[in-house]
Amino acid sequence: MAVASPDLHPPIVELIGIRKRFGPVVANDGVDLAVLRGEIHCLLGENGAGKSTLMKILYGLYPPDGGEIRVRGQKVHIRSPRDAMALGIGMVHQHFMLVDRLTVAENLIAGQEPVRNGLLDLRRARQAIREMADRYGLRVDPDARVQDLSVGEQQRVEILKALMRNVDILILDEPTAVLTPQEVDELFRVMLQLKADGKTLIFITHKLRETMAFSDRVTVLRNGRHVGTWRTADTSPEQLAEMMVGRQVTLRVARPHRLPGDVLLELDRVSAIDDRGQPRLRDVTLSVRSGEILGIAGVEGNGQLELEEVIAGLRPISSGRIRINGQEPRQPGPRGRRALGLAHIPSDRLRRGLAAPLPVTRNGILGRHWQPPFARRGVLREPAIRSHVGQLLAEFQIRGRLDAPASTLSGGNQQKLVVARELAHGPRVILACQPTRGVDVGAIEHIHSRLLEMRAAGAAILLISADLDELLALSDRLVVMYEGTIVAEGPADRFTRKELGLWMAGQRPDRAGSLAQAAPDRHPAPPKEGAAHA
Amino acid sequence: MLEGTGTSRAWLRELAVALVAIALALLAGALLLALAGYSVRDAYWSLFQGAFGNIYSLADTFLNAIPLMFTGLAVAFAFRGGLFNIGTEGQLYVAALATAITALAVPSWPPVLAIAAALAAGAAAGAAWGFVPGLLKARTGAHEVITTIMLNYVAILLTTHLVKTRFKAPGPVDQTALIPAAARLPELVPTTRLTWAIVIAVVLIALVDWILRRSAWGLDVELIGQNPSAAAYAGVPVTSRTACIMAASGAIAGLAGSTIVLGVLHRFITNFSPGYGFTGIAVALVARTRPWGVVPAALLFGALQAGGLSMQLFARIPADLLTAVQGLVILFVAAPGLVAIVRRRRRARTPAAHEAHEANETCVAHETRDAHEARDAHETREAHETRNAHEAHETVRKRGANR
Ligand SMILES: Nc1ncnc2c1ncn2[C@@H]1O[C@H](COP(=O)(O)OP(=O)(O)O)[C@@H](O)[C@H]1O
Ligand SMILES: [Mg+2]
């Protein structure tokens with residue numbers, strides 16, 4: 001992206017030596033930040049680096065313990081969001097703060113100064129929403145209730161809320177974390193519109209691709225400290241990753257070519273219904289070979305969760321057959337699958353993968369806790385458990401105490417514990433679902449390289465992920481799911497990101513670039529030669 | 001934390017909190033007594049005398065505490081498996097009657113065998129009374145609070161009916177005949193009614209504690225209690241375990257009734273329990289669901305009961321006021337445990353108050369917190385994040401379904 005020499009613009013916001021601590025935690029340790037007028041400034045850092053804290057200070061939610069804030073060259077004291085808004089600073093939080101039961105328009109006037117005529121306000125709000133919608137492409141129905149909106153739409157309402165207060169500096173805290181790829185693209189379009197309109201945007205993320213794609217400048221925070229600020233065009237993802245983590249990181253994993261072996265996981269026309277009796281999987285047929293990673297792409301909610309559950313034995317299938325390591329499980333449920341050599345990294349570690357209040361030792365043996373060497377005749381064998389889990393912690397560099405509840409680990413360490421536990425017993429088939437969701441770059445690298453090691457060792461890996469980068473980096477083959485069926489299948493290098501996005505949206509990429517709608521009620525047969533009609 | 005992962009320092013702190021809570025409760029009770037025009041000094045002196053004054057009152061305290069150890073342990077154990085057993089009162093009644101009937105049926109057996117058979121019959125009856133709600137919960141999702149409460153009524157009425165129609169001893173009182181001497185629990189301290197029941201209770205507490213901490217089955221229980229989805233993921237047969245947990249809890253509660261019959265009353269008398277089952281819930285809360293915590297908690301309530309009687313007799317405090325004072329103690333001492341449980345559940349399920357706080361943009365910015373709270377905030381935020389992810393998921397799903 002061409003940067004219109006932002007250095008010519010004066011800084012609109014300057015944070016100088018900002019300090020903030022929460023008890024023993026130093027969230028911001030003398031952070032400097034200069035944001036130029038009219039730029040998109042990316043604030044990059046791992047979870048817990050202090051990004052949100054810094055921006056909440058700028059927005060008047062936390063008082064800083066030290067440091068200085070200048071806005072448009074003037075030293076200011078921002079004691080509340082009201083002060084911030086008076087200075088033209090708005091913020092869209094990581095977690096939305098809308099009232100679910102009110103309509104969009106009502107939400108927009110709620111929290112503003114009370115005015116005499118409420119009805120007039122509402123009409124003005126509707127009017128304003130339409131204007132904004134036209135100007136920035138922020139399409140929302142003013143009379144829809146917030147609870148009926150998608151996450152992406154709710155985010156637009158949050159942005160509208162800020163724009164209605166005439167802000168010209170807009171802070172967006174991890175806005176892409178909850179969006180689908182399509183919604184992310186839409187958000188980026190809106191942000192570029194806002195920039196074209198002369199607004200300054202501060203955009204928090206921990207994703208490198210987003211940073212590289214459309215920020216003008218980038219500031220990296222690590223452990224509450226300011227690492228540096230660069231013009232985005234002058235850096236590379238590798239450099240930024242290193243700055244974030246504090247050591248060298250390999251982003252592009254080496255995936256040596258390997259000839260796949262026997263089929264170890266096989267689904268034959270498998271169908272399943274969800275808890276409400278709705279069909280969620282329809283005639284899914286797929287197979288994964290030894291030494292192969294098969295990636296499942298798709299917008300979340302298109303059957304991936306049900307696919308995970310039927311393979312793991314947590315949901316009954318209504319028809320079809322599943323074979324693991326050449327056999328149909330004789331015992332229903334997860335035990336039978338584990339006995340056949342299945343490892344399962346669940347998509348939701350806190351809901352399923354861990355019993356967070358229990359100690360790390362117990363979580364490290366979950367699923368095998370009744371078996372030798374961890375138990376003999378029903379009695380837990382503490383020494384064997386401790387040495388095993390201790391080894392897992394060491395091998396995966398998990399920071400945490402054996403006897404502490406798993407809830408005390410950071411998200412990344414919790415995930416590493418789950419992965420470590422599942423990979424520990426030489427599995428033949430690995431069901432890896434969102435294996436790096438919500439974990440930081442260092443842990444992602446670690447988990448990816450472990451999965452590739454297992455691939456090299458001859459495991460068959462089914463990778464379900466909402467992260468296209470992850471799918472493209474790891475998979476040998478890809479399958480796209482849409483409304484419970486497989487709509488596309490092929491070698492991973494035959495798909496482009498754009499094509500994947502279209503397949504995921506239920507559309508069919510065409511040679512000429514025009515879009516042919518896939519028939520939603522029939523099951524489009526998987527194209528024989530993969531998706532790429534190159 | 002609730003599940004006993006704490007160090008000895010944490011233990012000491014909790015003990016201090018409990019003692020302060022008792023002091024506060026007694027203070028509030030004093031206020032109440034004074035307001036009602038009674039002498040606080042006389043009242044509390046007779047309370048103390050009645051609970052600890054001499055070997056007999058001490059024995060009385062223990063006598064009251066023993067059934068509470070069983071019922072408290074029963075409730076605490078079910079709690080650890082994520083289940084509310086409100087049915088201990090009913091379980092205690094069916095067990096008591098089963099024990100009495102068995103003891104009466106084997107008059108010629110040697111003591112050890114007769115006692116064992118009578119206890120086993122009681123435990124089995126209690127287990128059956130717990131198993132039914134457990135099974136209903138596991139199979140149909142019927143909430144165990146409702147079903148156990150209903151079974152309490154069934155148990156009390158059923159035992160009364162059976163005694164009246166089948167097992168009544170001659171006389172005006174609805175009770176069975178006295179059980180043979182061979183089936184009675186021997187006294188532990190001569191001339192008191194303190195029997196071997198307390199040994200049974202303590203051994204049972206040690207056993208449950210060991211099971212929860214050291215056995216694979218106990219880990220299943222903890223898993224179901226902390227995160228049933230994770231338990232299912234780990235391959236724990238959640239349905240059958242749930243029924244088993246309730247059955248075990250029912251058996252433990254049943255032994256409260258059995259030991260009263262074998263050790264104290266020596267017969268079954270209708271409506272004999274002054275609410276041991278219900279007080280057991282308070283005992284489990286005060287014990288923070290820890291098996292060993294049940295011992296001091298049961299003794300506290302036992303002392304209040306024993307001392308309360310003498311307060312009534314000697315300080316002439318009306319029974320209502322007495323109940324109010326006891327209620328205050330329950331409130332003050334059990335409240336921290338209850339709050340901890342409720343907070344934990346809230347944290348696991350709903351967005352944090354902390355975030356809502358931020359939503360209120362006019363609020364004054366947060367003050368620095370101590371380390372403990374910082375960690376709490378962190379946890380709640382994570383819970384919130386997963387919730388958002390879930391919501392995102394749901395909305396995408398809804399949209400998919402609308403097409
Ligand atoms: N309100 C708070 N109370 C206590 N600790 C906090 C609070 N907010 C943030 N922290 C801590 O400060 C550090 C930085 O957090 P945050 O600014 O949210 O990081 P980021 O947004 O970069 O992920 C973390 O260790 C976090 O636990
Ligand atoms: Mg943040």
# chains A, B, ... in the order shown; residues from 1 in each chain; ligands from 1

call {"tool": "residues_around", "arguments": {"residues": "Gly302 of chain B", "least_positions_apart": "3", "cutoff": "6 Å", "atoms": "only C-alpha atoms", "output": "NGL selection string"}}
result
:B and (61 or 64-65 or 298-299 or 305)

call {"tool": "write_last_selection", "arguments": {"atoms": "N, CA and C atoms", "output": "PDB file, in the first residue's frame"}}
result
ATOM      1  N   THR B  61     -22.816 -32.266  72.603  1.00  0.00           N
ATOM      2  CA  THR B  61     -22.362 -31.578  71.395  1.00  0.00           C
ATOM      3  C   THR B  61     -21.944 -32.585  70.339  1.00  0.00           C
ATOM      4  N   ASN B  64     -24.873 -34.510  68.837  1.00  0.00           N
ATOM      5  CA  ASN B  64     -25.569 -33.756  67.797  1.00  0.00           C
ATOM      6  C   ASN B  64     -24.720 -33.637  66.535  1.00  0.00           C
ATOM      7  N   ALA B  65     -23.407 -33.628  66.737  1.00  0.00           N
ATOM      8  CA  ALA B  65     -22.519 -33.393  65.593  1.00  0.00           C
ATOM      9  C   ALA B  65     -22.398 -34.624  64.701  1.00  0.00           C
ATOM     10  N   ALA B 298     -19.394 -29.594  61.590  1.00  0.00           N
ATOM     11  CA  ALA B 298     -20.453 -30.344  62.267  1.00  0.00           C
ATOM     12  C   ALA B 298     -20.403 -30.085  63.767  1.00  0.00           C
ATOM     13  N   LEU B 299     -19.176 -29.987  64.319  1.00  0.00           N
ATOM     14  CA  LEU B 299     -19.057 -29.710  65.752  1.00  0.00           C
ATOM     15  C   LEU B 299     -19.642 -28.344  66.092  1.00  0.00           C
ATOM     16  N   GLN B 305     -26.581 -26.578  68.762  1.00  0.00           N
ATOM     17  CA  GLN B 305     -27.807 -27.296  69.083  1.00  0.00           C
ATOM     18  C   GLN B 305     -27.842 -27.667  70.575  1.00  0.00           C
TER      19      GLN B 305
END

call {"tool": "residues_around", "arguments": {"residues": "segment 388-401 of chain A", "least_positions_apart": "2", "cutoff": "10 Å", "atoms": "only C-alpha atoms", "output": "VMD selection string"}}
result
chain A and resid 359 to 365 373 to 374 382 to 386 403 to 406 408 to 410 412 to 421 423 to 424 443 446 to 447 450

call {"tool": "write_last_selection", "arguments": {"atoms": "N, CA and C atoms", "output": "compact mmCIF listing (two decimals), in the first residue's frame"}}
result
# COMPACT_ATOMS: atom_id res chain seq x y z
N PRO A 359 -5.77 -29.01 39.37
CA PRO A 359 -4.34 -28.75 39.21
C PRO A 359 -3.80 -29.19 37.84
N VAL A 360 -2.68 -28.63 37.49
CA VAL A 360 -2.01 -28.95 36.23
C VAL A 360 -1.74 -30.46 36.14
N THR A 361 -1.36 -31.07 37.27
CA THR A 361 -1.07 -32.51 37.24
C THR A 361 -2.27 -33.30 36.74
N ARG A 362 -3.45 -32.92 37.19
CA ARG A 362 -4.64 -33.66 36.79
C ARG A 362 -4.99 -33.37 35.33
N ASN A 363 -4.85 -32.13 34.93
CA ASN A 363 -5.17 -31.78 33.55
C ASN A 363 -4.19 -32.40 32.56
N GLY A 364 -3.00 -32.67 33.04
CA GLY A 364 -2.00 -33.24 32.15
C GLY A 364 -2.21 -34.72 31.85
N ILE A 365 -3.13 -35.37 32.57
CA ILE A 365 -3.36 -36.80 32.32
C ILE A 365 -4.81 -37.06 31.92
N PRO A 373 0.39 -45.71 33.08
CA PRO A 373 1.06 -45.74 34.39
C PRO A 373 0.46 -44.78 35.40
N PHE A 374 -0.63 -44.07 35.02
CA PHE A 374 -1.12 -43.03 35.92
C PHE A 374 -2.00 -43.58 37.03
N GLU A 382 0.83 -40.97 42.07
CA GLU A 382 1.32 -39.59 42.06
C GLU A 382 2.72 -39.44 41.46
N PRO A 383 3.67 -40.30 41.81
CA PRO A 383 5.02 -40.09 41.24
C PRO A 383 5.02 -40.19 39.73
N ALA A 384 4.31 -41.19 39.19
CA ALA A 384 4.28 -41.34 37.73
C ALA A 384 3.61 -40.13 37.08
N ILE A 385 2.55 -39.66 37.71
CA ILE A 385 1.82 -38.52 37.16
C ILE A 385 2.72 -37.29 37.16
N ARG A 386 3.36 -37.05 38.30
CA ARG A 386 4.18 -35.85 38.41
C ARG A 386 5.35 -35.86 37.43
N ASP A 403 1.20 -28.04 40.83
CA ASP A 403 0.08 -28.12 41.75
C ASP A 403 -0.88 -26.95 41.65
N ALA A 404 -0.55 -25.98 40.79
CA ALA A 404 -1.45 -24.84 40.65
C ALA A 404 -2.63 -25.22 39.76
N PRO A 405 -3.79 -24.61 39.99
CA PRO A 405 -4.91 -24.87 39.08
C PRO A 405 -4.54 -24.45 37.65
N ALA A 406 -5.05 -25.20 36.67
CA ALA A 406 -4.73 -24.88 35.28
C ALA A 406 -5.21 -23.48 34.90
N THR A 408 -4.59 -20.88 36.34
CA THR A 408 -3.57 -19.86 36.58
C THR A 408 -2.59 -19.75 35.41
N LEU A 409 -2.64 -20.69 34.48
CA LEU A 409 -1.75 -20.59 33.31
C LEU A 409 -2.32 -19.56 32.34
N SER A 410 -1.44 -18.96 31.56
CA SER A 410 -1.91 -18.05 30.52
C SER A 410 -2.58 -18.88 29.43
N GLY A 412 -1.99 -19.18 26.31
CA GLY A 412 -1.03 -19.89 25.47
C GLY A 412 -0.48 -21.13 26.16
N ASN A 413 -0.20 -21.00 27.45
CA ASN A 413 0.32 -22.14 28.18
C ASN A 413 -0.74 -23.21 28.40
N GLN A 414 -1.97 -22.77 28.59
CA GLN A 414 -3.06 -23.76 28.71
C GLN A 414 -3.15 -24.58 27.42
N GLN A 415 -3.10 -23.88 26.29
CA GLN A 415 -3.22 -24.58 25.02
C GLN A 415 -2.04 -25.53 24.82
N LYS A 416 -0.85 -25.06 25.20
CA LYS A 416 0.32 -25.92 25.05
C LYS A 416 0.18 -27.17 25.92
N LEU A 417 -0.44 -27.00 27.09
CA LEU A 417 -0.65 -28.16 27.96
C LEU A 417 -1.58 -29.17 27.29
N VAL A 418 -2.64 -28.67 26.67
CA VAL A 418 -3.57 -29.56 25.98
C VAL A 418 -2.84 -30.29 24.84
N VAL A 419 -2.11 -29.53 24.05
CA VAL A 419 -1.42 -30.13 22.91
C VAL A 419 -0.38 -31.15 23.40
N ALA A 420 0.37 -30.76 24.41
CA ALA A 420 1.39 -31.65 24.94
C ALA A 420 0.76 -32.96 25.41
N ARG A 421 -0.33 -32.84 26.15
CA ARG A 421 -1.00 -34.02 26.67
C ARG A 421 -1.46 -34.94 25.53
N LEU A 423 -0.41 -35.13 22.42
CA LEU A 423 0.61 -35.69 21.52
C LEU A 423 1.55 -36.64 22.25
N ALA A 424 1.36 -36.78 23.56
CA ALA A 424 2.36 -37.48 24.36
C ALA A 424 2.40 -38.98 24.15
N ALA A 443 3.92 -19.39 20.99
CA ALA A 443 3.25 -20.68 21.20
C ALA A 443 2.76 -21.25 19.87
N HIS A 446 5.55 -23.02 18.21
CA HIS A 446 5.84 -24.27 18.89
C HIS A 446 4.83 -25.35 18.51
N ILE A 447 3.56 -25.01 18.57
CA ILE A 447 2.51 -25.99 18.30
C ILE A 447 2.58 -26.45 16.85
N ARG A 450 5.39 -28.88 16.38
CA ARG A 450 5.07 -30.19 16.95
C ARG A 450 4.15 -30.98 16.03

call {"tool": "residues_near_ligand", "arguments": {"ligand": "ligand 2", "cutoff": "10 Å", "atoms": "only C-alpha atoms and all ligand atoms", "output": "JSON, numbers by chain"}}
result
{"A": [45, 46, 47, 48, 49, 50, 51, 52, 53, 54, 55, 56, 93, 94, 95, 173, 174, 204, 205, 206], "B": [381]}

call {"tool": "write_last_selection", "arguments": {"atoms": "C-alpha atoms", "output": "PDB file, in the first residue's frame"}}
result
ATOM      1  CA  GLY A  45       2.019  -7.077  20.624  1.00  0.00           C
ATOM      2  CA  GLU A  46       1.312 -10.432  22.198  1.00  0.00           C
ATOM      3  CA  ASN A  47      -1.515 -10.990  24.641  1.00  0.00           C
ATOM      4  CA  GLY A  48      -0.735  -9.160  27.836  1.00  0.00           C
ATOM      5  CA  ALA A  49       1.802  -6.831  26.240  1.00  0.00           C
ATOM      6  CA  GLY A  50      -0.122  -3.830  27.551  1.00  0.00           C
ATOM      7  CA  LYS A  51      -1.828  -2.607  24.382  1.00  0.00           C
ATOM      8  CA  SER A  52      -5.328  -2.359  25.797  1.00  0.00           C
ATOM      9  CA  THR A  53      -4.061  -0.723  28.951  1.00  0.00           C
ATOM     10  CA  LEU A  54      -2.208   1.953  27.017  1.00  0.00           C
ATOM     11  CA  MET A  55      -5.246   2.766  24.930  1.00  0.00           C
ATOM     12  CA  LYS A  56      -7.568   2.761  27.915  1.00  0.00           C
ATOM     13  CA  HIS A  93     -13.502  -2.001  22.775  1.00  0.00           C
ATOM     14  CA  GLN A  94     -12.316  -5.546  22.489  1.00  0.00           C
ATOM     15  CA  HIS A  95     -15.630  -6.577  24.009  1.00  0.00           C
ATOM     16  CA  ASP A 173      -9.013  -2.758  20.146  1.00  0.00           C
ATOM     17  CA  GLU A 174      -8.449  -6.109  18.393  1.00  0.00           C
ATOM     18  CA  ILE A 204      -4.630  -2.942  17.995  1.00  0.00           C
ATOM     19  CA  THR A 205      -3.851  -6.465  16.889  1.00  0.00           C
ATOM     20  CA  HIS A 206      -1.530  -9.348  17.423  1.00  0.00           C
TER      21      HIS A 206
ATOM     22  CA  ARG B 381     -11.676 -11.630  30.999  1.00  0.00           C
TER      23      ARG B 381
END

call {"tool": "interface_residues", "arguments": {"of": "chain A", "to": "chain B", "cutoff": "8 Å", "atoms": "only C-alpha atoms", "output": "compact mmCIF listing (two decimals) with C-alpha atoms, in the first residue's frame"}}
result
# COMPACT_ATOMS: atom_id res chain seq x y z
CA ARG A 21 0.86 -0.98 37.12
CA PHE A 22 -1.84 -3.27 38.49
CA GLY A 23 -0.53 -4.51 41.81
CA PRO A 24 2.63 -6.39 40.97
CA VAL A 25 1.93 -6.39 37.23
CA GLY A 60 -9.52 8.07 30.09
CA LEU A 61 -10.55 4.71 31.55
CA TYR A 62 -7.40 4.27 33.64
CA PRO A 63 -5.38 7.04 35.22
CA ARG A 79 -9.75 11.82 33.37
CA SER A 80 -12.71 10.10 31.78
CA PRO A 81 -13.96 8.93 28.40
CA ARG A 82 -15.96 12.14 28.36
CA HIS A 95 -15.63 -6.58 24.01
CA MET A 97 -20.55 -2.59 25.18
CA LEU A 149 -27.10 -8.63 14.87
CA SER A 150 -24.06 -10.60 13.87
CA VAL A 151 -20.79 -9.84 15.60
CA VAL A 178 -14.14 -12.09 16.47
CA LEU A 179 -14.78 -11.62 12.75
CA VAL A 299 -16.74 -20.20 8.03
CA GLU A 300 -17.38 -21.33 11.56
CA GLY A 301 -20.74 -22.98 12.06
CA ASN A 302 -20.75 -24.88 8.79
CA LEU A 314 -18.76 -36.95 21.43
CA GLY A 333 -17.42 -42.43 23.05
CA PRO A 334 -13.93 -41.00 23.36
CA ARG A 335 -12.43 -44.00 25.17
CA LEU A 350 -11.75 -23.98 28.41
CA ARG A 351 -15.03 -25.66 27.64
CA ARG A 352 -13.69 -29.06 26.85
CA GLY A 353 -9.93 -29.42 26.91
CA LEU A 354 -9.29 -28.57 30.53
CA ALA A 355 -10.95 -28.67 33.89
CA ALA A 356 -9.42 -25.31 34.70
CA PRO A 357 -9.93 -25.28 38.48
CA LEU A 358 -8.12 -28.61 38.87
CA PRO A 359 -4.34 -28.75 39.21
CA ARG A 362 -4.64 -33.66 36.79
CA LEU A 366 -6.98 -36.13 31.40
CA GLY A 367 -8.39 -38.91 29.26
CA ARG A 368 -5.85 -41.47 30.45
CA HIS A 369 -6.17 -40.92 34.15
CA TRP A 370 -7.61 -44.36 34.84
CA ALA A 375 -3.41 -45.35 37.85
CA GLY A 378 -8.09 -47.34 40.37
CA VAL A 379 -5.46 -45.66 42.56
CA LEU A 380 -3.70 -42.64 41.14
CA ARG A 381 0.06 -43.00 41.11
CA ASP A 403 0.08 -28.12 41.75
CA ALA A 404 -1.45 -24.84 40.65
CA PRO A 405 -4.91 -24.87 39.08
CA SER A 407 -6.69 -21.63 35.34
CA THR A 408 -3.57 -19.86 36.58
CA GLU A 483 -23.46 -25.95 5.31

call {"tool": "atom_distance", "arguments": {"atom1": "atom CA of Val26 of chain A", "atom2": "atom CA of Val227 of chain A"}}
result
15.4 Å

call {"tool": "closest_residue", "arguments": {"among": "A:Thr496, A:Thr232, A:Gln155, A:Thr211", "to": "Asp469 of chain A", "atoms": "only C-alpha atoms"}}
result
A:Thr496

call {"tool": "residues_around", "arguments": {"residues": "segment 194-206 of chain B", "least_positions_apart": "6", "cutoff": "9 Å", "atoms": "only C-alpha atoms", "output": "compact mmCIF listing (two decimals) with N, CA, C and O atoms, in the first residue's frame"}}
result
# COMPACT_ATOMS: atom_id res chain seq x y z
N ALA B 59 -20.40 -34.29 75.47
CA ALA B 59 -20.90 -35.48 74.78
C ALA B 59 -22.14 -35.14 73.96
O ALA B 59 -22.34 -35.65 72.86
N ASP B 60 -22.96 -34.28 74.54
CA ASP B 60 -24.17 -33.83 73.83
C ASP B 60 -23.82 -33.14 72.52
O ASP B 60 -24.45 -33.36 71.49
N PHE B 62 -21.16 -33.56 70.77
CA PHE B 62 -20.72 -34.59 69.82
C PHE B 62 -21.89 -35.39 69.29
O PHE B 62 -21.97 -35.72 68.11
N LEU B 63 -22.82 -35.69 70.20
CA LEU B 63 -23.97 -36.49 69.82
C LEU B 63 -24.75 -35.80 68.71
O LEU B 63 -25.23 -36.43 67.77
N ALA B 65 -23.41 -33.63 66.74
CA ALA B 65 -22.52 -33.39 65.59
C ALA B 65 -22.40 -34.62 64.70
O ALA B 65 -22.22 -34.50 63.49
N ILE B 66 -22.52 -35.82 65.29
CA ILE B 66 -22.26 -37.03 64.50
C ILE B 66 -23.19 -37.17 63.28
O ILE B 66 -22.70 -37.33 62.16
N PRO B 67 -24.49 -37.08 63.47
CA PRO B 67 -25.33 -37.18 62.27
C PRO B 67 -25.01 -36.08 61.26
O PRO B 67 -25.09 -36.30 60.05
N MET B 69 -22.10 -34.89 60.71
CA MET B 69 -20.89 -35.27 59.96
C MET B 69 -21.28 -36.11 58.76
O MET B 69 -20.77 -35.92 57.66
N PHE B 70 -22.20 -37.05 58.98
CA PHE B 70 -22.63 -37.88 57.86
C PHE B 70 -23.35 -37.04 56.80
O PHE B 70 -23.02 -37.11 55.61
N LEU B 73 -21.05 -34.56 55.11
CA LEU B 73 -20.15 -35.22 54.17
C LEU B 73 -20.90 -35.61 52.90
O LEU B 73 -20.39 -35.45 51.78
N LEU B 185 -24.99 -50.12 68.88
CA LEU B 185 -23.59 -49.68 68.80
C LEU B 185 -23.06 -49.51 70.21
O LEU B 185 -23.70 -48.86 71.04
N PRO B 186 -21.89 -50.10 70.52
CA PRO B 186 -21.35 -49.96 71.89
C PRO B 186 -20.94 -48.52 72.19
O PRO B 186 -20.58 -47.76 71.29
N GLU B 187 -21.00 -48.19 73.46
CA GLU B 187 -20.59 -46.85 73.88
C GLU B 187 -19.09 -46.69 73.76
O GLU B 187 -18.32 -47.63 74.02
N LEU B 188 -18.68 -45.51 73.43
CA LEU B 188 -17.25 -45.21 73.33
C LEU B 188 -16.77 -44.64 74.66
O LEU B 188 -15.72 -44.97 75.18
N ILE B 252 -24.15 -42.29 52.32
CA ILE B 252 -23.48 -41.59 53.43
C ILE B 252 -24.52 -40.92 54.32
O ILE B 252 -24.49 -41.03 55.55
N LEU B 255 -26.39 -43.26 56.58
CA LEU B 255 -25.71 -43.72 57.78
C LEU B 255 -25.97 -42.80 58.97
O LEU B 255 -25.87 -43.23 60.12
N ALA B 256 -26.31 -41.55 58.71
CA ALA B 256 -26.70 -40.65 59.80
C ALA B 256 -27.90 -41.25 60.52
O ALA B 256 -27.93 -41.34 61.75
N THR B 259 -27.00 -44.78 62.28
CA THR B 259 -26.24 -44.72 63.53
C THR B 259 -27.09 -44.13 64.66
O THR B 259 -26.88 -44.46 65.83
N ILE B 260 -28.04 -43.27 64.33
CA ILE B 260 -28.93 -42.77 65.38
C ILE B 260 -29.79 -43.92 65.91
O ILE B 260 -29.94 -44.10 67.12
N LEU B 262 -29.12 -47.20 65.74
CA LEU B 262 -28.33 -48.23 66.43
C LEU B 262 -27.65 -47.72 67.69
O LEU B 262 -27.35 -48.49 68.60
N GLY B 263 -27.38 -46.39 67.72
CA GLY B 263 -26.56 -45.89 68.83
C GLY B 263 -27.33 -45.06 69.85
O GLY B 263 -26.94 -44.99 71.01
N VAL B 264 -28.38 -44.40 69.44
CA VAL B 264 -29.02 -43.44 70.33
C VAL B 264 -30.44 -43.84 70.68
O VAL B 264 -30.78 -44.05 71.84
N PRO B 291 -13.95 -32.66 52.72
CA PRO B 291 -14.32 -33.71 53.67
C PRO B 291 -13.85 -33.40 55.10
O PRO B 291 -14.64 -33.44 56.03
N TRP B 292 -12.58 -33.06 55.27
CA TRP B 292 -12.11 -32.83 56.64
C TRP B 292 -12.70 -31.57 57.24
O TRP B 292 -12.79 -31.43 58.45
N VAL B 294 -15.65 -30.93 57.24
CA VAL B 294 -16.94 -31.31 57.79
C VAL B 294 -16.86 -31.52 59.31
O VAL B 294 -17.81 -31.23 60.03
N VAL B 295 -15.70 -31.98 59.81
CA VAL B 295 -15.60 -32.27 61.25
C VAL B 295 -15.80 -31.00 62.09
O VAL B 295 -16.73 -30.96 62.91

call {"tool": "closest_residue", "arguments": {"among": "A:Val439, A:Met191, A:Ala343, A:Leu286", "to": "ligand 1", "atoms": "only C-alpha atoms and all ligand atoms"}}
result
A:Val439

call {"tool": "residues_around", "arguments": {"residues": "Leu32 of chain B", "least_positions_apart": "3", "cutoff": "12 Å", "atoms": "only C-alpha atoms", "output": "PyMOL selection string"}}
result
chain B and resi 25-29+35-40+43+317+320-328

call {"tool": "select_by_dssp", "arguments": {"residues": "segment 125-258 of chain A", "states": "alpha helix (DSSP H)", "output": "number ranges by chain"}}
result
A: 125-136, 151-164, 181-196, 208-214, 237-245

call {"tool": "closest_residue", "arguments": {"among": "B:Ile149, B:Ala138, B:Ile269, B:Ala116", "to": "Lys164 of chain B", "atoms": "only C-alpha atoms"}}
result
B:Ile269

call {"tool": "atom_distance", "arguments": {"atom1": "atom CA of Leu402 of chain A", "atom2": "atom CA of Val221 of chain B"}}
result
20.3 Å

call {"tool": "closest_residue", "arguments": {"among": "B:Ser240, B:Thr165, B:Gln312, B:Thr159", "to": "Gly134 of chain B", "atoms": "only C-alpha atoms"}}
result
B:Ser240

call {"tool": "atom_distance", "arguments": {"atom1": "atom CA of Tyr44 of chain B", "atom2": "atom CA of Arg290 of chain B"}}
result
29.5 Å

call {"tool": "residues_around", "arguments": {"residues": "His41 of chain A", "least_positions_apart": "4", "cutoff": "7 Å", "atoms": "only C-alpha atoms", "output": "ChimeraX atom specification"}}
result
/A:35,201-203,215-218

call {"tool": "select_by_dssp", "arguments": {"residues": "segment 341-424 of chain A", "states": "strand (DSSP E or B)", "output": "ChimeraX atom specification"}}
result
/A:342-345,359,375-376,379-380,405
